[in-house]
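The next block is run_35.txt, given as compact mmCIF, C-alpha atoms.
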```txt
# COMPACT_ATOMS: atom_id res chain seq x y z
CA LEU A 16 21.70 111.74 58.35
CA LYS A 17 20.92 110.91 61.97
CA ASP A 18 17.56 112.68 61.75
CA THR A 19 16.28 110.62 58.81
CA ILE A 20 18.36 107.41 58.58
CA SER A 21 17.60 104.73 61.16
CA PRO A 22 20.42 104.19 63.70
CA HIS A 23 20.64 100.45 62.98
CA ILE A 24 21.75 101.28 59.42
CA LEU A 25 24.48 103.70 60.44
CA GLN A 26 25.73 101.35 63.15
CA SER A 27 25.91 98.23 60.97
CA ILE A 28 27.88 99.33 57.90
CA PRO A 29 30.56 96.57 58.11
CA GLN A 30 27.90 93.85 58.35
CA ILE A 31 25.85 95.46 55.56
CA LEU A 32 28.93 95.54 53.31
CA GLN A 33 29.74 91.92 54.07
CA THR A 34 26.21 90.84 53.13
CA TYR A 35 26.33 92.98 49.99
CA GLN A 36 29.57 91.38 48.80
CA SER A 37 28.42 87.81 49.48
CA ASN A 38 25.00 88.14 47.83
CA LYS A 39 24.42 86.34 44.53
CA PRO A 40 24.18 86.43 41.53
CA TYR A 41 26.15 89.68 41.91
CA PRO A 42 26.70 92.03 44.86
CA HIS A 43 23.50 93.71 45.99
CA GLY A 44 21.87 94.79 49.20
CA VAL A 45 18.63 95.78 50.90
CA LEU A 46 18.41 98.32 53.71
CA ASN A 47 15.18 97.61 55.58
CA ASN A 48 13.37 100.23 57.67
CA ILE A 49 15.89 102.78 56.46
CA PHE A 50 14.03 106.05 57.09
CA GLN A 51 12.77 107.51 60.35
CA PRO A 52 10.56 108.60 62.01
CA THR A 53 7.79 106.26 60.91
CA ASN A 54 5.53 109.03 59.64
CA PHE A 55 8.26 110.66 57.50
CA LEU A 56 7.98 108.29 54.54
CA GLN A 57 4.19 108.30 54.88
CA SER A 58 4.27 112.07 54.44
CA VAL A 59 6.57 111.70 51.41
CA LEU A 60 4.14 109.23 49.87
CA HIS A 61 1.17 111.52 50.53
CA GLU A 62 2.89 114.48 48.85
CA ILE A 63 3.89 112.45 45.80
CA LYS A 64 0.35 111.16 45.37
CA HIS A 65 -1.30 114.55 45.67
CA SER A 66 1.27 116.93 44.19
CA SER A 67 2.51 115.37 40.97
CA LYS A 68 1.17 114.55 37.54
CA VAL A 69 1.49 111.01 36.23
CA GLN A 70 2.78 110.23 32.74
CA PHE A 71 2.40 106.76 31.23
CA LYS A 72 5.50 105.44 29.49
CA GLU A 73 5.77 102.23 27.50
CA SER A 74 8.40 100.65 25.27
CA ASP A 75 9.63 97.19 24.38
CA LEU A 76 11.55 97.25 27.68
CA PHE A 77 9.13 98.69 30.21
CA LYS A 78 5.58 99.69 31.02
CA VAL A 79 5.33 102.20 33.86
CA TYR A 80 3.72 105.40 35.08
CA GLN A 81 6.30 108.06 35.97
CA SER A 82 5.37 111.08 38.04
CA MET A 83 7.79 113.29 39.93
CA ASP A 84 11.42 113.82 38.87
CA LEU A 85 13.31 114.95 41.96
CA GLY A 86 15.86 116.65 39.71
CA ASN A 87 13.21 119.26 38.90
CA LEU A 88 12.43 119.96 42.55
CA THR A 89 13.93 123.29 43.71
CA ASP A 90 13.58 125.84 46.49
CA ASP A 91 12.51 128.51 43.99
CA PRO A 92 9.00 129.64 45.06
CA LYS A 93 8.21 130.50 41.42
CA SER A 94 8.70 126.91 40.34
CA THR A 95 5.63 124.70 40.03
CA LEU A 96 7.57 121.98 41.87
CA ASN A 97 9.13 123.67 44.89
CA SER A 98 10.21 122.85 48.42
CA SER A 99 7.42 124.74 50.16
CA SER A 100 4.65 122.79 48.43
CA ILE A 101 6.14 119.35 49.19
CA PRO A 102 8.48 119.85 52.18
CA ASN A 103 8.92 116.18 53.05
CA VAL A 104 9.88 115.20 49.50
CA TRP A 105 12.29 118.15 49.51
CA LYS A 106 13.79 116.91 52.78
CA LEU A 107 14.21 113.42 51.31
CA LYS A 108 15.90 114.88 48.24
CA GLN A 109 18.30 116.84 50.44
CA VAL A 110 19.26 113.57 52.13
CA LEU A 111 19.63 111.47 48.96
CA TYR A 112 21.59 114.18 47.14
CA SER A 113 23.88 114.97 50.08
CA SER A 114 27.59 114.10 50.15
CA GLU A 115 26.98 112.28 53.46
CA PHE A 116 24.50 109.87 51.89
CA ARG A 117 26.79 109.37 48.90
CA HIS A 118 29.53 108.41 51.36
CA LEU A 119 27.14 105.95 52.97
CA MET A 120 26.41 104.35 49.58
CA GLU A 121 30.15 104.18 48.87
CA ASP A 122 30.76 102.50 52.23
CA VAL A 123 28.07 99.83 51.77
CA THR A 124 29.28 99.01 48.22
CA ASN A 125 33.03 99.05 48.99
CA LEU A 126 33.73 102.04 46.77
CA PRO A 127 36.48 104.50 47.73
CA ARG A 128 35.23 107.79 49.11
CA GLY A 129 34.85 110.32 46.32
CA THR A 130 33.95 107.74 43.67
CA LEU A 131 30.40 109.08 43.35
CA THR A 132 29.80 112.54 41.96
CA ASP A 133 26.99 114.98 42.64
CA GLU A 134 25.23 113.79 39.46
CA ILE A 135 22.17 111.92 40.71
CA ASP A 136 18.97 110.78 38.99
CA CYS A 137 15.81 110.04 40.93
CA ALA A 138 12.14 109.87 39.97
CA ALA A 139 8.89 108.50 41.37
CA ASN A 140 7.53 105.48 39.51
CA CYS A 141 4.16 103.78 39.71
CA HIS A 142 3.68 100.23 38.43
CA THR A 143 -0.02 99.39 38.18
CA LYS A 144 -1.56 96.08 37.11
CA GLY A 145 0.29 94.71 34.09
CA CYS A 146 3.27 97.07 34.43
CA HIS A 147 6.73 95.53 34.27
CA LEU A 148 10.39 96.05 33.38
CA LEU A 149 12.23 93.55 31.20
CA CYS A 150 15.76 92.29 31.82
CA HIS A 151 18.64 94.76 31.27
CA ASP A 152 21.83 95.86 33.03
CA ASP A 153 21.15 99.62 33.59
CA VAL A 154 24.42 100.68 31.93
CA ILE A 155 24.00 104.14 30.42
CA GLY A 156 26.70 106.78 30.68
CA THR A 157 28.42 107.01 34.07
CA ARG A 158 25.79 105.26 36.20
CA LYS A 159 27.56 103.61 39.13
CA ILE A 160 24.94 102.54 41.69
CA SER A 161 21.28 101.79 41.06
CA PHE A 162 18.83 102.23 43.94
CA ILE A 163 15.10 101.81 44.59
CA ILE A 164 13.20 103.12 47.60
CA TYR A 165 9.93 101.23 47.98
CA LEU A 166 6.74 103.06 48.94
CA THR A 167 4.38 100.13 48.45
CA ASP A 168 1.60 99.14 50.81
CA PRO A 169 3.09 97.46 53.94
CA SER A 170 0.90 94.39 53.35
CA TRP A 171 2.49 93.70 49.93
CA THR A 172 3.27 90.00 49.33
CA LYS A 173 4.91 87.98 46.56
CA GLU A 174 1.43 87.19 45.19
CA ASP A 175 1.16 90.89 44.29
CA GLY A 176 4.10 90.56 41.89
CA GLY A 177 6.40 93.50 41.20
CA ALA A 178 9.47 91.87 42.76
CA LEU A 179 12.93 92.95 41.64
CA GLU A 180 14.52 90.00 39.81
CA LEU A 181 18.30 89.58 39.64
CA TYR A 182 19.80 87.41 36.89
CA ASN A 183 23.05 85.52 36.59
CA HIS A 184 24.65 85.41 33.18
CA LYS A 185 26.91 83.42 30.89
CA ASP A 186 29.32 85.36 28.70
CA GLY A 187 27.30 88.53 29.18
CA ILE A 188 23.98 86.92 28.27
CA PRO A 189 21.42 86.80 31.12
CA ASN A 190 19.94 83.48 32.16
CA VAL A 191 16.31 82.73 31.41
CA PHE A 192 15.27 82.58 35.07
CA PRO A 193 16.28 84.91 37.94
CA SER A 194 18.68 83.73 40.62
CA ALA A 195 17.28 86.02 43.31
CA THR A 196 14.19 88.16 43.90
CA ILE A 197 13.63 91.13 46.20
CA LEU A 198 10.14 91.96 47.44
CA PRO A 199 9.25 95.68 47.19
CA THR A 200 8.91 96.06 50.96
CA TYR A 201 7.75 99.42 52.29
CA ASN A 202 10.53 101.66 53.69
CA SER A 203 13.35 99.58 52.21
CA LEU A 204 16.12 100.56 49.82
CA ALA A 205 17.45 98.00 47.34
CA TYR A 206 20.74 98.76 45.62
CA PHE A 207 23.45 97.25 43.42
CA GLY A 208 26.48 98.29 41.41
CA VAL A 209 25.91 98.98 37.73
CA ASN A 210 28.24 96.77 35.66
CA ALA A 211 28.12 96.13 31.93
CA GLY A 212 26.94 92.64 31.04
CA VAL A 213 26.62 91.71 34.73
CA SER A 214 23.97 93.66 36.67
CA PHE A 215 21.00 92.13 34.86
CA HIS A 216 17.67 92.73 36.55
CA ALA A 217 13.96 93.05 35.82
CA VAL A 218 10.68 93.87 37.55
CA GLN A 219 8.01 91.20 37.66
CA GLU A 220 4.62 92.04 36.26
CA VAL A 221 2.40 93.63 38.90
CA MET A 222 -0.69 91.52 39.56
CA GLY A 223 -2.91 94.40 40.69
CA ARG A 224 -4.44 92.91 43.82
CA GLU A 225 -5.92 94.84 46.75
CA CYS A 226 -2.58 96.37 47.80
CA GLY A 227 -2.74 98.98 45.06
CA PRO A 228 0.12 99.96 42.74
CA ARG A 229 3.83 99.35 43.22
CA LEU A 230 5.15 102.79 44.16
CA SER A 231 8.85 103.60 44.37
CA LEU A 232 11.56 106.20 44.04
CA GLN A 233 14.16 104.91 41.63
CA GLY A 234 17.45 106.34 40.44
CA TRP A 235 21.20 106.18 40.02
CA TYR A 236 24.34 107.60 41.55
CA HIS A 237 26.94 108.42 38.93
CA GLY A 238 30.70 107.88 38.94
CA ARG A 239 33.44 109.91 37.34
CA GLU A 240 34.21 107.47 34.53
CA LEU A 241 32.38 105.18 32.17
CA PRO A 242 32.13 101.58 33.40
CA GLU A 243 34.47 98.94 32.04
CA ASN A 244 33.41 96.60 29.22
CA MET A 245 30.89 99.07 27.79
CA GLU A 246 30.66 96.92 24.67
CA CYS A 247 28.96 94.25 26.80
CA ALA A 248 26.21 96.59 28.03
CA THR A 249 22.61 95.88 27.07
CA LEU A 250 22.28 99.15 25.17
CA SER A 251 25.57 98.62 23.31
CA ARG A 252 24.54 95.11 22.29
CA LEU A 253 21.23 96.39 20.96
CA LYS A 254 23.00 99.09 18.97
CA THR A 255 25.42 96.51 17.56
CA LEU A 256 22.53 94.31 16.46
CA GLU A 257 20.87 97.34 14.90
CA ASP A 258 24.07 98.31 13.05
CA ASP A 259 24.38 94.80 11.63
CA LYS A 260 20.99 95.03 9.97
CA GLU A 261 20.54 96.05 6.36
CA PRO A 262 19.76 99.74 5.85
CA PHE A 263 16.15 100.54 6.69
CA VAL A 264 13.94 101.31 3.72
CA PRO A 265 10.64 102.95 4.72
CA PHE A 266 7.45 101.27 3.64
CA ILE A 267 5.46 103.33 1.18
CA ASP A 268 1.91 102.44 0.27
CA THR A 269 1.20 103.46 -3.32
CA GLU A 270 -1.26 102.38 -5.90
CA SER A 271 -0.19 99.23 -7.70
CA ASN A 272 0.02 99.46 -11.47
CA GLU A 273 -1.13 95.92 -11.79
CA THR A 274 -4.64 95.01 -12.81
CA GLU A 275 -6.79 94.23 -9.79
CA THR A 276 -7.85 90.65 -9.44
CA GLU A 277 -11.17 89.53 -8.09
CA GLY A 278 -11.59 87.23 -5.13
CA LYS A 279 -8.92 85.76 -2.88
CA LEU A 280 -5.79 83.98 -3.98
CA ASP A 281 -5.73 80.22 -3.86
CA GLU A 282 -2.89 78.30 -2.26
CA THR A 283 -0.80 78.40 -5.42
CA GLN A 284 -0.86 82.21 -5.41
CA THR A 285 0.39 82.94 -1.91
CA ASN A 286 3.76 84.29 -3.05
CA VAL A 287 3.94 87.67 -4.68
CA ASN A 288 5.71 87.85 -8.01
CA ASP A 289 9.34 88.90 -8.35
CA LYS A 290 8.50 92.45 -9.33
CA GLU A 291 6.35 92.99 -6.24
CA ALA A 292 8.92 91.34 -3.98
CA ARG A 293 11.54 93.89 -5.07
CA THR A 294 9.36 96.88 -4.13
CA ASN A 295 8.18 98.34 -0.83
CA VAL A 296 4.58 98.56 -1.96
CA LEU A 297 1.59 96.81 -0.43
CA SER A 298 0.19 95.57 -3.71
CA GLU A 299 -3.33 94.42 -4.40
CA SER A 300 -2.18 90.81 -4.35
CA ASP A 301 -0.60 91.46 -0.92
CA ARG A 302 -3.90 92.79 0.35
CA ASN A 303 -5.81 89.83 -1.08
CA TYR A 304 -3.43 87.39 0.52
CA LEU A 305 -3.47 89.08 3.96
CA SER A 306 -7.25 89.48 3.90
CA GLN A 307 -7.56 85.69 4.15
CA TYR A 308 -6.25 85.94 7.72
CA MET A 309 -6.53 89.56 8.89
CA ASN A 310 -9.37 91.90 9.66
CA GLU A 311 -9.63 93.79 6.38
CA THR A 312 -10.25 97.05 8.24
CA TYR A 313 -6.53 97.24 8.97
CA LEU A 314 -5.60 96.89 5.29
CA THR A 315 -7.11 100.14 4.11
CA LYS A 316 -4.87 103.13 3.44
CA SER A 317 -6.62 105.31 5.99
CA SER A 318 -6.28 102.67 8.72
CA MET A 319 -2.61 102.06 8.00
CA LYS A 320 -1.86 105.77 8.15
CA GLU A 321 -3.75 106.10 11.44
CA ILE A 322 -1.88 103.10 12.88
CA CYS A 323 1.45 104.49 11.73
CA ASP A 324 0.76 107.91 13.25
CA LYS A 325 -0.31 106.40 16.58
CA PHE A 326 2.77 104.18 16.75
CA GLU A 327 5.10 107.10 16.04
CA ASN A 328 3.46 109.19 18.76
CA GLU A 329 2.95 106.54 21.47
CA SER A 330 5.51 103.79 20.61
CA SER A 331 2.83 101.11 20.78
CA VAL A 332 -0.43 100.14 19.10
CA GLN A 333 -3.10 97.63 20.08
CA LEU A 334 -5.05 96.20 17.15
CA ARG A 335 -8.19 94.54 18.47
CA HIS A 336 -9.76 91.65 16.53
CA PHE A 337 -6.62 91.55 14.40
CA LEU A 338 -7.21 88.02 13.10
CA LYS A 339 -10.40 86.88 11.47
CA ASP A 340 -12.73 85.33 14.03
CA ALA A 341 -12.66 81.84 12.54
CA LEU A 342 -8.87 81.75 12.44
CA ALA A 343 -8.52 83.23 15.94
CA ASN A 344 -10.92 80.60 17.34
CA ASN A 345 -9.04 77.79 15.63
CA VAL A 346 -5.71 79.03 16.97
CA LYS A 347 -7.18 79.35 20.47
CA ASP A 348 -8.60 75.82 20.33
CA ASP A 349 -5.26 74.38 19.18
CA ILE A 350 -3.38 76.18 21.97
CA LEU A 351 -5.80 74.94 24.62
CA LYS A 352 -5.53 71.38 23.30
CA SER A 353 -1.75 71.61 23.35
CA ASP A 354 -1.76 72.98 26.91
CA ALA A 355 -4.10 70.20 28.03
CA TYR A 356 -1.85 67.58 26.42
CA ASP A 357 1.18 69.04 28.25
CA GLY A 358 -0.68 69.16 31.57
CA PHE A 359 -0.90 72.96 31.86
CA THR A 360 -4.69 73.09 32.31
```

Go through the file and emit its structure as structure tokens.
Amino acid sequence: LKDTISPHILQSIPQILQTYQSNKPYPHGVLNNIFQPTNFLQSVLHEIKHSSKVQFKESDLFKVYQSMDLGNLTDDPKSTLNSSSIPNVWKLKQVLYSSEFRHLMEDVTNLPRGTLTDEIDCAANCHTKGCHLLCHDDVIGTRKISFIIYLTDPSWTKEDGGALELYNHKDGIPNVFPSATILPTYNSLAYFGVNAGVSFHAVQEVMGRECGPRLSLQGWYHGRELPENMECATLSRLKTLEDDKEPFVPFIDTESNETETEGKLDETQTNVNDKEARTNVLSESDRNYLSQYMNETYLTKSSMKEICDKFENESSVQLRHFLKDALANNVKDDILKSDAYDGFT
């Protein structure tokens, strides 16, 4: 470790642990200027930028570009991702995946030696303008310590966004606002223990200023056992909510047997009849009602099938000009008036 980890880190473990344990809203730490020499991390960044493909990923929880998974990096010359093509990234992997570095992470988080296993996840992430990560606790499987190595531009400021937000909680429910934020400072490593219903965190939306994207290496060290209170974990809570729902019945668009009606429904006809309400069919009366507010292009069978296919493949769909122009303008005007009344403009 002495060749790649700065001496001030290795010489200050008791002080680092003390700071980690006293930090709020839950124990966490930041190791600044962790890697040496100064050009080492610059070489890592260069190799990641020029030797990996970027894949955009988006869900209800996150929006991020993911490139290199260090787990796929080997010393096999036949592999497309091998040590000879990106030697500095390979060297960094050897450090992060070593037993010595695991011992260091155990020491600065007050874990007994041997708590962490050789199961490690680590991948390069790129948050461009608009990218973010919503609040969650990171609890999946045997994850024990979460870590982020920041490769952002050294001139990055809080105005650029992308800060790591840490949230306090009440009865396992995260607060609305973060209690602490960590700037993604170049050549720093942020870390915290993964605890169900406790280690809530998020990534602020990246503003996309002149500093470029928010680049990082992010991953987890795993323990030997599942964390306590798994039922309080974000993922477990979501599954519980999903299990409590009524069984899902897929929507099927079929021809309605009812006689088509001309024109739009008046205000007394906004509710579908009992027969229609008991079926999963977009009836003609449904279409007539929705067409009062929606762009009718999205109500055709071909459009709905195209939208459905895109959503299944990409997990998200953007429907431009979704509302009718007149309605959209009225809604916008009302919102602006309300903001002006509340002093937000």

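Taking all atoms listed in the file into account, A:Met245 lies nearest to A:Thr157 out of the set A:Thr157, A:Asp133, A:Glu180, A:Ser194.
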
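Taking atom CA of A:Thr132 and atom CA of A:Glu115 as endpoints, the distance between them is 11.8 Å.
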
Exercise for the section: Extract, using only C-alpha atoms, all DNA, RNA and protein residues at most 10 Å from A:Leu314, discarding same-chain residues fewer than 2 positions from it, and format them as a PyMOL selection string. Expected result: chain A and resi 297+301-303+305-306+309-312+316-319

I'd like the contact shell of stretch 327-337 of chain A - 8 Å cut-off, all atoms listed in the file, skipping same-chain residues fewer than 2 positions apart - returned as a JSON list (two decimals) with C-alpha atoms, in the frame of the given file.
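Wrote it out as selection-v9.json, contents follow:
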```json
[["chain", "number", "residue", "atom", "x", "y", "z"],
["A", 73, "GLU", "CA", 5.77, 102.23, 27.50],
["A", 74, "SER", "CA", 8.40, 100.65, 25.27],
["A", 309, "MET", "CA", -6.53, 89.56, 8.89],
["A", 310, "ASN", "CA", -9.37, 91.90, 9.66],
["A", 313, "TYR", "CA", -6.53, 97.24, 8.97],
["A", 322, "ILE", "CA", -1.88, 103.10, 12.88],
["A", 323, "CYS", "CA", 1.45, 104.49, 11.73],
["A", 324, "ASP", "CA", 0.76, 107.91, 13.25],
["A", 325, "LYS", "CA", -0.31, 106.40, 16.58],
["A", 339, "LYS", "CA", -10.40, 86.88, 11.47],
["A", 340, "ASP", "CA", -12.73, 85.33, 14.03]]
```

Handout entry: Nearest to A:Asn190, chosen from A:Pro169, A:Pro102, A:Pro40, A:Gly145, with all atoms listed in the file counted in the distances
Key =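 Under the stated criterion, the closest residue is A:Pro40.
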
Exercise for the section: Have a look at A:Val346, A:Asn125, A:Thr315, A:Trp105 and name the one nearest to A:Glu299; count all atoms listed in the file. Expected result: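 Selected residue with least distance to A:Glu299: A:Thr315.
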
Exercise for the section: Calculate how many Å separate atom CA of A:Ala205 from atom CA of A:Leu16, rounding to one decimal. Expected result: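 Here the two named atoms are 18.1 Å from each other.
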
Handout entry: Which of A:Trp171, A:Tyr236, A:Tyr206, A:Phe55 sits closest to A:His118 [using all atoms listed in the file]
Key = A:Tyr236

Exercise for the section: To one decimal in Å, tell me the separation between atom CA of A:Leu204 and atom CA of A:Phe162. Expected result: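 One can read the atom CA of A:Leu204 to atom CA of A:Phe162 distance as 6.7 Å.
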
Exercise for the section: Counting all atoms listed in the file, select every polymer residue within 8 Å of (13.2, 88.9, 29.5) as defined in the file's coordinates, and provide the selection as an NGL selection string. Expected result: :A and (149-150 or 191 or 217)

Output the selection as a PDB file, keeping the file's coordinate frame - C-alpha atoms for each residue.
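File produced: result_6.pdb:
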```
ATOM      1  CA  LEU A 149      12.230  93.550  31.200  1.00  0.00           C
ATOM      2  CA  CYS A 150      15.760  92.290  31.820  1.00  0.00           C
ATOM      3  CA  VAL A 191      16.310  82.730  31.410  1.00  0.00           C
ATOM      4  CA  ALA A 217      13.960  93.050  35.820  1.00  0.00           C
TER       5      ALA A 217
END
```

Exercise for the section: For A:Asn97, work out the shell of residues within 12 Å, counting only C-alpha atoms and skipping chain neighbours fewer than 6 positions away, then give it as a PyMOL selection string. Expected result: chain A and resi 62+66-67+83-91+103-106+108

Problem - Of the listed residues A:Leu166, A:Leu148, A:Val59, A:Leu250, that which approaches A:Ser100 most closely, counting all atoms listed in the file - result: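 Checking each of A:Leu166, A:Leu148, A:Val59, A:Leu250 against A:Ser100, counting all atoms listed in the file, the winner is A:Val59.
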
Practice task
Do a neighbour search on stretch 22-25 of chain A at 12 Å with only C-alpha atoms, toss out local chain neighbours closer than 2 positions, and write the hits as a list of chain:residue names.
Solution key: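 Counting only C-alpha atoms, the residues come to A:Leu16, A:Lys17, A:Asp18, A:Thr19, A:Ile20, A:Ser27, A:Ile28, A:Pro29, A:Gln30, A:Ile31, A:Leu32, A:Val45, A:Leu46, A:Asn47, A:Asn48, A:Ile49, A:Phe50, A:Gln51, A:Pro52, A:Glu115, A:Phe116, A:His118, A:Leu119, A:Met120, A:Asp122, A:Val123, A:Ser203, A:Leu204.
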
Exercise for the section: Find, counting all atoms listed in the file, the residue in A:Asp186, A:Asp168, A:Glu246, A:Asp354 that gets nearest to A:Gly227. Expected result: A:Asp168

Handout entry: Contacts of A:His216 at 7 Å (all atoms listed in the file; same-chain gap of 5+ positions) as a PyMOL selection string
Key = chain A and resi 150-152+179-182

Please fill the gaps in stretch 350-358 of chain A so it has all heavy atoms, and write that as a short mmCIF file (atom, residue, chain, number, x, y, z; two decimals), keeping the file's coordinate frame.
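The result, written out as selection-v9.cif:
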```cif
data_model
loop_
_atom_site.label_atom_id
_atom_site.label_comp_id
_atom_site.auth_asym_id
_atom_site.auth_seq_id
_atom_site.Cartn_x
_atom_site.Cartn_y
_atom_site.Cartn_z
N ILE A 350 -4.24 75.87 20.82
CA ILE A 350 -3.38 76.18 21.97
C ILE A 350 -3.91 75.51 23.23
O ILE A 350 -3.14 74.92 24.01
CB ILE A 350 -3.28 77.70 22.16
CG1 ILE A 350 -2.50 78.34 21.01
CG2 ILE A 350 -2.61 78.04 23.50
CD1 ILE A 350 -2.47 79.86 21.06
N LEU A 351 -5.21 75.57 23.44
CA LEU A 351 -5.80 74.94 24.62
C LEU A 351 -5.61 73.42 24.60
O LEU A 351 -5.32 72.80 25.63
CB LEU A 351 -7.28 75.28 24.71
CG LEU A 351 -7.61 76.75 25.02
CD1 LEU A 351 -9.12 76.99 24.97
CD2 LEU A 351 -7.07 77.14 26.40
N LYS A 352 -5.75 72.83 23.42
CA LYS A 352 -5.53 71.38 23.30
C LYS A 352 -4.08 71.03 23.60
O LYS A 352 -3.78 70.05 24.29
CB LYS A 352 -5.92 70.93 21.89
CG LYS A 352 -7.41 70.93 21.61
CD LYS A 352 -7.69 70.52 20.17
CE LYS A 352 -9.19 70.59 19.87
NZ LYS A 352 -9.49 70.23 18.45
N SER A 353 -3.16 71.86 23.10
CA SER A 353 -1.75 71.61 23.35
C SER A 353 -1.41 71.77 24.82
O SER A 353 -0.65 70.97 25.39
CB SER A 353 -0.90 72.59 22.51
OG SER A 353 0.47 72.39 22.74
N ASP A 354 -1.99 72.79 25.48
CA ASP A 354 -1.76 72.98 26.91
C ASP A 354 -2.31 71.81 27.71
O ASP A 354 -1.70 71.33 28.68
CB ASP A 354 -2.43 74.27 27.38
CG ASP A 354 -1.63 75.51 26.97
OD1 ASP A 354 -0.49 75.34 26.52
OD2 ASP A 354 -2.15 76.64 27.11
N ALA A 355 -3.50 71.33 27.32
CA ALA A 355 -4.10 70.20 28.03
C ALA A 355 -3.24 68.95 27.87
O ALA A 355 -3.05 68.19 28.82
CB ALA A 355 -5.52 69.96 27.49
N TYR A 356 -2.71 68.76 26.68
CA TYR A 356 -1.85 67.58 26.42
C TYR A 356 -0.58 67.64 27.28
O TYR A 356 -0.11 66.62 27.78
CB TYR A 356 -1.48 67.54 24.93
CG TYR A 356 -0.59 66.39 24.56
CD1 TYR A 356 -1.10 65.11 24.33
CD2 TYR A 356 0.80 66.58 24.44
CE1 TYR A 356 -0.27 64.05 24.01
CE2 TYR A 356 1.63 65.53 24.10
CZ TYR A 356 1.10 64.27 23.89
OH TYR A 356 1.93 63.23 23.57
N ASP A 357 -0.05 68.88 27.46
CA ASP A 357 1.18 69.04 28.25
C ASP A 357 0.91 69.18 29.74
O ASP A 357 1.84 69.36 30.52
CB ASP A 357 1.94 70.28 27.76
CG ASP A 357 2.50 70.09 26.36
OD1 ASP A 357 2.79 68.94 25.99
OD2 ASP A 357 2.62 71.09 25.63
N GLY A 358 -0.36 69.11 30.15
CA GLY A 358 -0.68 69.16 31.57
C GLY A 358 -0.70 70.53 32.18
O GLY A 358 -0.54 70.70 33.40
#
```
